[in-house]
>>> print(open('query-v8.txt').read())   # compact mmCIF, C-alpha atoms
# COMPACT_ATOMS: atom_id res chain seq x y z
CA MET A 92 72.55 67.42 133.90
CA HIS A 93 70.98 68.19 130.52
CA ASP A 94 69.13 71.15 132.01
CA GLU A 95 72.41 72.46 133.34
CA LEU A 96 74.02 72.34 129.87
CA GLY A 97 70.92 73.91 128.32
CA ARG A 98 71.00 76.77 130.80
CA THR A 99 74.68 77.41 130.13
CA LEU A 100 74.12 77.48 126.36
CA VAL A 101 71.22 79.91 126.73
CA ALA A 102 73.38 82.13 128.97
CA LEU A 103 76.13 82.12 126.30
CA CYS A 104 73.58 83.26 123.71
CA LEU A 105 72.21 85.97 125.98
CA VAL A 106 75.70 87.37 126.47
CA PHE A 107 77.07 87.12 122.92
CA VAL A 108 74.04 87.89 120.71
CA PRO A 109 73.70 91.51 121.93
CA LEU A 110 77.47 91.99 121.77
CA SER A 111 77.41 90.80 118.16
CA LEU A 112 75.18 93.71 117.21
CA LEU A 113 77.17 96.19 119.29
CA SER A 114 80.58 95.30 117.87
CA ILE A 115 80.89 98.19 115.44
CA GLY A 116 84.56 98.42 114.60
CA GLY A 117 85.14 94.71 115.18
CA GLY A 118 86.03 92.48 118.09
CA ALA A 119 88.22 95.03 119.84
CA ALA A 120 85.14 97.20 120.45
CA ILE A 121 83.50 94.59 122.67
CA LEU A 122 86.55 93.09 124.35
CA ALA A 123 85.97 94.97 127.59
CA ASP A 124 82.31 93.91 127.66
CA ILE A 125 83.19 90.25 127.04
CA GLU A 126 85.67 90.43 129.91
CA HIS A 127 83.12 92.04 132.22
CA GLN A 128 80.45 89.45 131.41
CA ALA A 129 82.71 86.39 131.52
CA VAL A 130 84.65 87.29 134.67
CA THR A 131 82.42 89.51 136.81
CA VAL A 132 78.82 88.81 135.85
CA GLN A 133 78.77 85.13 134.86
CA GLY A 134 81.89 83.90 136.62
CA TRP A 135 82.82 81.71 133.65
CA THR A 136 86.56 82.40 134.01
CA THR A 137 88.91 84.01 136.48
CA GLN A 138 90.80 87.17 135.51
CA ARG A 139 93.95 85.13 134.91
CA GLU A 140 92.16 82.51 132.81
CA PHE A 141 90.60 85.25 130.72
CA ALA A 142 94.02 86.77 129.97
CA ASP A 143 95.30 83.34 128.92
CA LEU A 144 92.29 82.69 126.69
CA PHE A 145 92.81 86.09 125.06
CA ALA A 146 96.47 85.30 124.33
CA ILE A 147 95.49 81.96 122.81
CA SER A 148 92.81 83.53 120.64
CA ARG A 149 95.39 86.00 119.28
CA ALA A 150 97.76 83.20 118.32
CA ALA A 151 95.17 81.26 116.33
CA PRO A 152 94.42 82.01 112.66
CA GLY A 153 91.08 83.35 111.50
CA PRO A 154 89.05 86.51 111.57
CA GLY A 155 88.26 88.70 114.54
CA THR A 156 88.20 87.09 117.89
CA MET A 157 87.81 83.42 118.65
CA LEU A 158 87.73 84.42 122.30
CA SER A 159 84.00 83.68 122.52
CA ALA A 160 84.62 80.14 121.27
CA LEU A 161 87.23 79.59 123.99
CA ILE A 162 84.93 80.85 126.72
CA GLY A 163 82.16 78.59 125.38
CA TRP A 164 84.60 75.67 125.29
CA LYS A 165 85.64 76.29 128.87
CA VAL A 166 82.09 76.31 130.27
CA ALA A 167 80.37 73.73 128.04
CA GLY A 168 82.82 71.85 125.80
CA TRP A 169 82.19 71.61 122.06
CA ALA A 170 78.51 72.53 122.39
CA GLY A 171 79.56 75.71 124.19
CA ALA A 172 82.29 76.55 121.69
CA VAL A 173 79.94 76.21 118.70
CA THR A 174 77.07 78.01 120.47
CA ALA A 175 79.24 80.97 121.49
CA THR A 176 80.73 81.27 117.99
CA LEU A 177 77.29 81.22 116.37
CA ALA A 178 75.89 83.67 118.92
CA LEU A 179 78.72 86.13 118.26
CA TYR A 180 78.85 85.87 114.47
CA ALA A 181 75.34 84.95 113.24
CA PRO A 182 73.49 88.19 114.10
CA SER A 183 76.13 90.51 112.61
CA SER A 184 76.49 88.21 109.58
CA LEU A 185 72.74 88.32 108.89
CA LEU A 186 72.90 92.09 109.07
CA ALA A 187 75.87 92.20 106.68
CA TYR A 188 74.04 89.84 104.32
CA GLY A 189 70.95 92.05 104.29
CA ALA A 190 73.04 95.17 103.71
CA SER A 191 74.97 93.51 100.91
CA ARG A 192 71.77 92.44 99.12
CA LEU A 193 70.19 95.85 99.51
CA TRP A 194 73.36 97.48 98.26
CA GLY A 195 73.53 95.19 95.23
CA ARG A 196 69.94 95.98 94.30
CA TRP A 197 70.81 99.64 93.79
CA ARG A 198 73.85 98.90 91.67
CA GLY A 199 73.81 100.84 88.42
CA SER A 200 72.21 104.01 89.72
CA SER A 201 74.39 107.10 89.58
CA TRP A 202 74.20 107.86 93.31
CA HIS A 203 75.22 104.26 94.08
CA ALA A 204 78.34 104.78 91.98
CA ALA A 205 79.09 108.08 93.74
CA VAL A 206 78.69 106.54 97.21
CA GLU A 207 80.91 103.66 96.18
CA ARG A 208 83.61 105.97 94.82
CA GLY A 209 83.28 108.17 97.89
CA LEU A 210 83.66 105.30 100.35
CA ALA A 211 86.61 103.68 98.56
CA PRO A 212 89.30 106.11 99.82
CA ILE A 213 87.92 105.75 103.37
CA ALA A 214 87.91 101.96 103.10
CA VAL A 215 91.58 102.00 102.10
CA GLY A 216 92.34 104.36 104.98
CA LEU A 217 90.63 101.97 107.38
CA VAL A 218 92.62 98.99 106.08
CA LEU A 219 95.87 100.90 106.66
CA SER A 220 94.61 102.04 110.08
CA GLY A 221 93.92 98.41 111.00
CA GLY A 222 97.59 97.61 110.36
CA LEU A 223 98.70 100.60 112.45
CA ALA A 224 96.39 99.62 115.31
CA VAL A 225 97.85 96.11 115.51
CA LEU A 226 101.36 97.54 115.28
CA GLN A 227 100.70 99.82 118.25
CA VAL A 228 99.37 97.11 120.57
CA ALA A 229 101.82 94.39 119.50
CA PRO A 230 104.78 94.04 121.84
CA GLY A 231 108.11 94.26 120.05
CA GLY A 232 108.97 97.91 119.42
CA PRO A 233 111.26 99.08 116.59
CA VAL A 234 112.30 95.59 115.54
CA LEU A 235 108.70 94.65 114.89
CA TRP A 236 108.13 97.90 112.99
CA ALA A 237 111.17 97.24 110.79
CA ALA A 238 110.05 93.66 110.13
CA ALA A 239 106.52 94.83 109.25
CA ILE A 240 107.90 97.43 106.82
CA ALA A 241 110.19 94.83 105.24
CA ALA A 242 107.23 92.46 104.81
CA THR A 243 105.22 95.29 103.22
CA ALA A 244 108.02 96.01 100.76
CA VAL A 245 108.39 92.35 99.80
CA LEU A 246 104.65 92.01 99.14
CA LEU A 247 104.50 95.23 97.11
CA ARG A 248 107.49 94.18 95.02
CA TRP A 249 106.31 90.59 94.53
CA PRO A 250 102.50 90.50 94.89
CA GLN A 251 102.29 86.82 94.04
CA VAL A 252 104.62 85.75 96.82
CA ASN A 253 102.85 83.34 99.17
CA ALA A 254 102.01 85.36 102.28
CA LEU A 255 102.10 82.17 104.32
CA ALA A 256 105.74 81.63 103.33
CA LEU A 257 106.46 85.18 104.49
CA LEU A 258 104.72 84.41 107.75
CA VAL A 259 106.77 81.28 108.28
CA ALA A 260 109.93 83.25 107.44
CA GLY A 261 108.98 85.98 109.92
CA GLY A 262 108.19 83.48 112.64
CA ALA A 263 111.38 81.52 111.98
CA LEU A 264 113.60 84.65 111.97
CA PHE A 265 112.18 85.97 115.24
CA GLY A 266 112.17 82.47 116.73
CA LEU A 267 115.83 81.99 115.83
CA ALA A 268 116.76 85.41 117.22
CA GLY A 269 114.80 84.53 120.35
CA ALA A 270 116.59 81.21 120.74
CA LEU A 271 119.96 82.95 120.35
CA GLY A 272 118.99 85.48 122.98
CA LEU A 273 119.01 88.42 120.54
CA TRP A 274 115.28 89.03 120.92
CA MET B 184 84.51 74.86 85.47
CA VAL B 185 84.52 78.61 85.75
CA CYS B 186 82.43 80.87 83.57
CA VAL B 187 81.50 84.51 83.95
CA SER B 188 78.22 85.17 85.72
CA VAL B 189 75.34 86.30 83.51
CA SER B 190 73.37 87.85 86.38
CA LYS B 191 72.44 91.52 86.26
CA HIS B 192 75.89 92.55 87.32
CA ALA B 193 78.86 90.53 86.21
CA LEU B 194 80.94 91.43 89.26
CA ALA B 195 81.84 87.95 90.29
CA LYS B 196 82.59 84.68 88.57
CA ARG B 197 80.26 81.74 89.09
CA ILE B 198 82.09 79.45 91.48
CA GLY B 199 80.93 76.03 92.71
CA LEU B 200 79.97 75.74 96.38
CA PRO B 201 82.63 73.11 97.19
CA THR B 202 85.22 75.43 95.63
CA ILE B 203 83.92 78.33 97.73
CA PHE B 204 84.12 76.15 100.83
CA GLY B 205 87.68 75.13 99.98
CA GLY B 206 88.78 78.70 99.26
CA PHE B 207 87.43 80.16 102.48
CA PHE B 208 88.45 77.18 104.61
CA SER B 209 92.05 77.62 103.53
CA LEU B 210 91.69 81.38 104.09
CA GLY B 211 90.48 80.71 107.65
CA ILE B 212 93.30 78.41 108.65
CA THR B 213 96.06 80.50 107.05
CA SER B 214 95.02 84.04 108.02
CA PHE B 215 97.25 84.41 111.07
CA GLY B 216 97.74 87.65 112.91
CA GLY B 217 94.36 89.22 112.13
CA GLY B 218 93.84 91.52 109.16
CA THR B 219 91.57 89.10 107.31
CA ALA B 220 90.95 91.73 104.62
CA GLY B 221 94.60 91.51 103.57
CA TRP B 222 94.61 87.74 103.44
CA LEU B 223 91.32 87.69 101.60
CA TYR B 224 92.62 90.20 99.06
CA GLN B 225 95.68 88.10 98.35
CA GLN B 226 93.99 84.71 98.24
CA ILE B 227 90.52 85.40 96.82
CA VAL B 228 91.05 88.54 94.69
CA GLN B 229 94.67 88.45 93.51
CA ARG B 230 95.30 84.73 93.29
CA ARG B 231 91.90 83.16 92.53
CA ARG B 232 90.35 86.27 90.91
CA TRP B 233 86.83 85.40 92.09
CA ILE B 234 85.93 89.09 92.36
CA ASP B 235 87.59 92.24 91.03
CA ASP B 236 89.17 95.18 92.86
CA PRO B 237 86.12 97.52 92.74
CA ALA B 238 83.84 94.79 94.15
CA PHE B 239 86.40 94.10 96.89
CA LEU B 240 86.72 97.79 97.76
CA SER B 241 82.97 98.23 97.97
CA ALA B 242 82.67 95.20 100.27
CA VAL B 243 85.53 96.42 102.49
CA GLY B 244 83.77 99.73 103.06
CA LEU B 245 80.52 98.09 104.08
CA SER B 246 82.26 95.41 106.18
CA ARG B 247 83.86 98.03 108.45
CA ILE B 248 80.78 100.14 108.96
CA MET B 249 78.56 97.20 109.98
CA PRO B 250 78.79 95.62 113.44
CA GLY B 251 80.73 92.39 113.71
CA SER B 252 84.18 91.23 112.69
CA SER B 253 85.08 92.99 109.45
CA GLY B 254 86.67 89.79 108.14
CA VAL B 255 83.48 87.81 108.69
CA ASN B 256 81.34 90.60 107.21
CA LEU B 257 83.61 90.74 104.18
CA THR B 258 83.29 86.98 103.75
CA VAL B 259 79.49 87.16 104.00
CA GLN B 260 79.38 89.80 101.28
CA ILE B 261 81.76 88.03 98.92
CA GLY B 262 79.91 84.73 99.44
CA GLN B 263 76.71 86.57 98.62
CA LEU B 264 78.21 88.06 95.46
CA LEU B 265 79.45 84.64 94.38
CA ARG B 266 76.39 82.47 95.08
CA GLY B 267 73.71 84.38 97.00
CA GLY B 268 72.55 83.32 100.46
CA VAL B 269 73.88 79.78 100.19
CA GLY B 270 77.22 81.14 99.05
CA ALA B 271 77.39 83.48 102.04
CA LEU B 272 76.51 80.67 104.47
CA VAL B 273 79.04 78.24 102.98
CA ALA B 274 81.79 80.89 102.94
CA VAL B 275 81.28 81.90 106.59
CA VAL B 276 81.02 78.34 107.90
CA ALA B 277 84.15 77.43 105.94
CA LEU B 278 85.99 80.49 107.24
CA LEU B 279 85.18 79.84 110.91
CA ALA B 280 85.31 76.02 111.12
CA GLY B 281 89.10 75.67 110.92
CA PRO B 282 90.03 78.46 113.37
CA LEU B 283 87.42 77.18 115.85
CA ALA B 284 89.02 73.74 115.91
CA ILE B 285 92.54 75.20 116.03
CA VAL B 286 91.83 77.60 118.88
CA VAL B 287 90.36 74.81 121.01
CA ALA B 288 93.36 72.58 120.25
CA LEU B 289 95.67 75.47 121.19
CA SER B 290 93.91 76.03 124.50
CA VAL B 291 94.44 72.37 125.33
CA GLY B 292 98.17 72.64 124.53
CA TYR B 293 98.68 76.17 125.85
CA ALA B 294 99.78 75.22 129.35
CA LYS B 295 102.79 73.42 127.87
CA LEU B 296 103.76 76.14 125.39
CA ALA B 297 103.22 79.34 127.39
CA GLY B 298 106.52 79.05 129.27
CA ILE B 299 108.72 78.82 126.17
CA ASP B 300 110.21 82.20 125.14
CA ALA B 301 110.77 81.10 121.54
CA VAL B 302 107.02 80.62 121.15
CA HIS B 303 106.43 84.28 121.92
CA ALA B 304 109.22 85.31 119.53
CA VAL B 305 107.70 83.22 116.75
CA LEU B 306 104.30 84.83 117.38
CA ASP B 307 105.92 88.29 117.11
CA GLY B 308 107.47 87.36 113.76
CA VAL B 309 104.12 86.10 112.51
CA ALA B 310 102.48 89.34 113.64
CA ALA B 311 105.05 91.43 111.77
CA ALA B 312 104.42 89.58 108.51
CA ALA B 313 100.65 89.83 108.97
CA ILE B 314 100.88 93.60 109.55
CA GLY B 315 103.00 93.87 106.39
CA LEU B 316 100.27 92.06 104.47
CA THR B 317 97.66 94.55 105.69
CA PHE B 318 99.82 97.55 104.71
CA ALA B 319 100.61 96.08 101.28
CA THR B 320 96.91 95.51 100.61
CA GLY B 321 96.01 99.09 101.52
CA LEU B 322 98.87 100.60 99.52
CA ARG B 323 98.14 98.46 96.47
CA LEU B 324 94.51 99.62 96.40
CA ILE B 325 95.29 103.35 96.70
CA PRO B 326 95.61 104.06 92.94
CA ARG B 327 92.15 102.64 92.29
CA ALA B 328 90.43 103.90 95.45
CA SER B 329 92.02 107.34 95.50
CA PRO B 330 92.70 108.40 91.91
CA ASN B 331 92.90 112.16 92.56
CA ALA B 332 94.20 114.66 95.12
CA GLY B 333 90.87 115.00 96.94
CA SER B 334 90.42 111.30 97.53
CA VAL B 335 94.08 110.88 98.55
CA ALA B 336 93.46 113.58 101.15
CA VAL B 337 90.43 111.63 102.43
CA THR B 338 92.52 108.46 102.73
CA LEU B 339 95.26 110.34 104.60
CA ALA B 340 92.68 111.95 106.92
CA THR B 341 91.20 108.53 107.68
CA VAL B 342 94.64 107.07 108.48
CA LEU B 343 95.51 110.07 110.66
CA CYS B 344 92.25 110.09 112.66
CA VAL B 345 91.62 106.35 113.04
CA GLY B 346 95.08 104.80 112.67
CA VAL B 347 97.40 107.36 114.30
CA LEU B 348 95.22 109.39 116.70
CA ARG B 349 93.03 106.34 117.49
CA TRP B 350 89.82 108.33 117.42
CA PRO B 351 86.63 106.23 117.47
CA MET B 352 85.80 105.18 113.93
CA LEU B 353 82.12 106.04 113.85
CA PRO B 354 82.29 109.85 114.35
CA VAL B 355 85.20 110.03 111.91
CA LEU B 356 83.13 108.19 109.30
CA ILE B 357 80.07 110.35 109.91
CA PHE B 358 82.21 113.40 109.13
CA LEU B 359 84.37 112.05 106.29
CA ALA B 360 81.88 109.88 104.37
CA PRO B 361 79.51 112.68 103.25
CA LEU B 362 82.52 114.85 102.41
CA SER B 363 84.10 112.12 100.29
CA ILE B 364 80.84 111.18 98.55
CA GLY B 365 80.26 114.86 97.80
CA LEU B 366 83.74 115.06 96.28
CA ALA B 367 82.98 112.01 94.12
CA LEU B 368 79.76 113.64 92.89
CA VAL B 369 81.47 116.94 92.06
CA GLN B 370 84.31 115.28 90.22
CA ARG B 371 81.86 113.27 88.14
CA ARG B 372 80.30 116.44 86.72
CA PRO B 373 82.98 119.10 86.43
>>> encode(input="query-v8.txt", output="structure tokens")
Amino acid sequence: MHDELGRTLVALCLVFVPLSLLSIGGGAAILADIEHQAVTVQGWTTQREFADLFAISRAAPGPGTMLSALIGWKVAGWAGAVTATLALYAPSSLLAYGASRLWGRWRGSSWHAAVERGLAPIAVGLVLSGGLAVLQVAPGGPVLWAAAIAATAVLLRWPQVNALALLVAGGALFGLAGALGLW
Amino acid sequence: MVCVSVSKHALAKRIGLPTIFGGFFSLGITSFGGGTAGWLYQQIVQRRRWIDDPAFLSAVGLSRIMPGSSGVNLTVQIGQLLRGGVGALVAVVALLAGPLAIVVALSVGYAKLAGIDAVHAVLDGVAAAAIGLTFATGLRLIPRASPNAGSVAVTLATVLCVGVLRWPMLPVLIFLAPLSIGLALVQRRP
């Protein structure tokens, strides 16, 4: 029984640790691989279960994908959820930590400043692109676009407004429209 | 108590570990709809002022180039700026602990909620607000990140290639990054 759990946890690590280091561009880059491993190779979930787990992971707060945690939870309870989360996030986090330290060490040199100033406009472009990417995959069409633009305008006009309040307002508005059959 | 760091670069304030944990835990459980960078900017940079805009921008750039979730990478770097390795560890654990518990709770309750249309509508509304937060963050940082015509052009090119045309990020970066860094060097010494 214990051996069984141990084997499952090791299998979770073997799947998610390499994916962690391959996920350049974030969780979306490895989604197809996670699906292939979980459904076809390991048989941890069915196709249908995987789709459900993905939907749930999108609805939860937090960074990136919590999909790995859900797969871990399904095959091995809390131990699986924690193992899968660590396996997916620890390797890339260690790499980011090393890069951040190295980067900080060079602070003050003139080329460091130039690289930083050169990367800043790209970083901003990538932030905006992230918003566009979500907008394109989110179901909802023009109404969603209009709501997103309205939210942008509110936040630009009043930067101190609590984004969570905006979120609740957005959810409530759409929920109300949905309940009335308008949406 | 908050006092300015006296380390070799005074980028970040010296923040206690429990405060770091609290800040990133609340970030984790409130950052709905993805786009952690936007949430982090509002909560950690604008509201709490733990780091300044240039430090945030620098971390955003690195967080997207490295493998892994950019939100987690960003948190690692800001934790590191605030309190070194321990700071990074505390920030990441705090960021992930809440969402992990919530996602498991959701999966337990999902079977009951999935059939209700209003649930999907609410999720769409949440997504719209979260996208707005991401856009507002990017737009707010443009004056600092792209102070001249050349760097504005780089930002627009990035948005066009990655955001609109959906080209893979890595080749775009390999082309644009040297160009943009070269521009920064030239503009430094006219």
>>> residues_near_point(input="query-v8.txt", point="(83.6, 88.9, 121.3)", cutoff="10 Å", atoms="all atoms listed in the file", output="ChimeraX atom specification")
/A:106-108,110-111,113-114,117-126,155-160,162,175-176,178-180 /B:251-252
>>> closest_residue(input="query-v8.txt", among="A:Ala172, A:Ala142, A:Ile115, A:Ala181", to="chain B", atoms="all atoms listed in the file")
A:Ile115
>>> atom_distance(input="query-v8.txt", atom1="atom CA of B:Gly308", atom2="atom CA of A:Ala150")
11.5 Å
>>> closest_atom_pairs(input="query-v8.txt", of="chain A", to="chain B", cutoff="6 Å", atoms="only C-alpha atoms", output="CSV")
residue,atom,partner,partner_atom,distance
A:Ser111,CA,B:Gly251,CA,5.8
A:Leu112,CA,B:Pro250,CA,5.6
A:Ser114,CA,B:Pro250,CA,4.8
A:Ile115,CA,B:Pro250,CA,3.9
A:Gly117,CA,B:Ser252,CA,4.4
A:Gly118,CA,B:Ser252,CA,5.8
A:Ala151,CA,B:Val286,CA,5.6
A:Pro152,CA,B:Phe215,CA,4.0
A:Gly153,CA,B:Gly211,CA,4.7
A:Pro154,CA,B:Gly254,CA,5.3
A:Gly155,CA,B:Ser252,CA,5.1
A:Ser183,CA,B:Gly251,CA,5.1
A:Ser184,CA,B:Asn256,CA,5.9
A:Ala187,CA,B:Asn256,CA,5.7
A:Ser191,CA,B:Gln260,CA,5.8
A:Ala205,CA,B:Ala367,CA,5.5
A:Val206,CA,B:Ile364,CA,5.3
A:Gly209,CA,B:Ile364,CA,3.9
A:Ala211,CA,B:Ala328,CA,4.9
A:Pro212,CA,B:Thr338,CA,4.9
A:Ile213,CA,B:Thr338,CA,5.4
A:Ala214,CA,B:Gly244,CA,4.7
A:Val215,CA,B:Gly321,CA,5.3
A:Gly216,CA,B:Thr338,CA,4.7
A:Val218,CA,B:Gly321,CA,5.7
A:Leu219,CA,B:Gly321,CA,5.5
A:Ser220,CA,B:Gly346,CA,3.8
A:Gly222,CA,B:Ile314,CA,5.2
A:Leu223,CA,B:Gly346,CA,5.5
A:Ala224,CA,B:Gly346,CA,6.0
A:Leu235,CA,B:Ala311,CA,5.8
A:Ala238,CA,B:Ala311,CA,5.7
A:Ala239,CA,B:Ala311,CA,4.5
A:Ala242,CA,B:Gly315,CA,4.7
A:Thr243,CA,B:Gly315,CA,4.1
A:Leu247,CA,B:Ala319,CA,5.8
A:Leu258,CA,B:Val309,CA,5.1
A:Gly261,CA,B:Gly308,CA,4.4
A:Gly262,CA,B:Gly308,CA,4.1
A:Phe265,CA,B:Gly308,CA,5.1
A:Gly266,CA,B:Val305,CA,4.5
A:Gly269,CA,B:Ala301,CA,5.4
A:Ala270,CA,B:Ala301,CA,5.9
>>> closest_residue(input="query-v8.txt", among="A:Val132, A:Leu103, A:Ala146, A:Val225", to="A:Ala170", atoms="all atoms listed in the file")
A:Leu103
>>> atom_distance(input="query-v8.txt", atom1="atom CA of A:Thr174", atom2="atom CA of A:Leu100")
6.6 Å
>>> closest_residue(input="query-v8.txt", among="A:Gly97, A:Pro109, A:Gly272, A:Gly232", to="A:Pro182", atoms="only C-alpha atoms")
A:Pro109
>>> closest_residue(input="query-v8.txt", among="B:Ala274, B:Ile198, B:Val228, B:Ile203", to="A:Tyr188", atoms="only C-alpha atoms")
B:Ala274
>>> atom_distance(input="query-v8.txt", atom1="atom CA of A:Gly168", atom2="atom CA of B:Phe204")
25.4 Å
>>> closest_residue(input="query-v8.txt", among="A:Pro233, A:Leu267, A:Ala244, A:Gly134", to="A:Val166", atoms="all atoms listed in the file")
A:Gly134
>>> closest_residue(input="query-v8.txt", among="B:Phe358, B:Phe207, B:Arg266, B:Ala277", to="A:Arg192", atoms="all atoms listed in the file")
B:Arg266
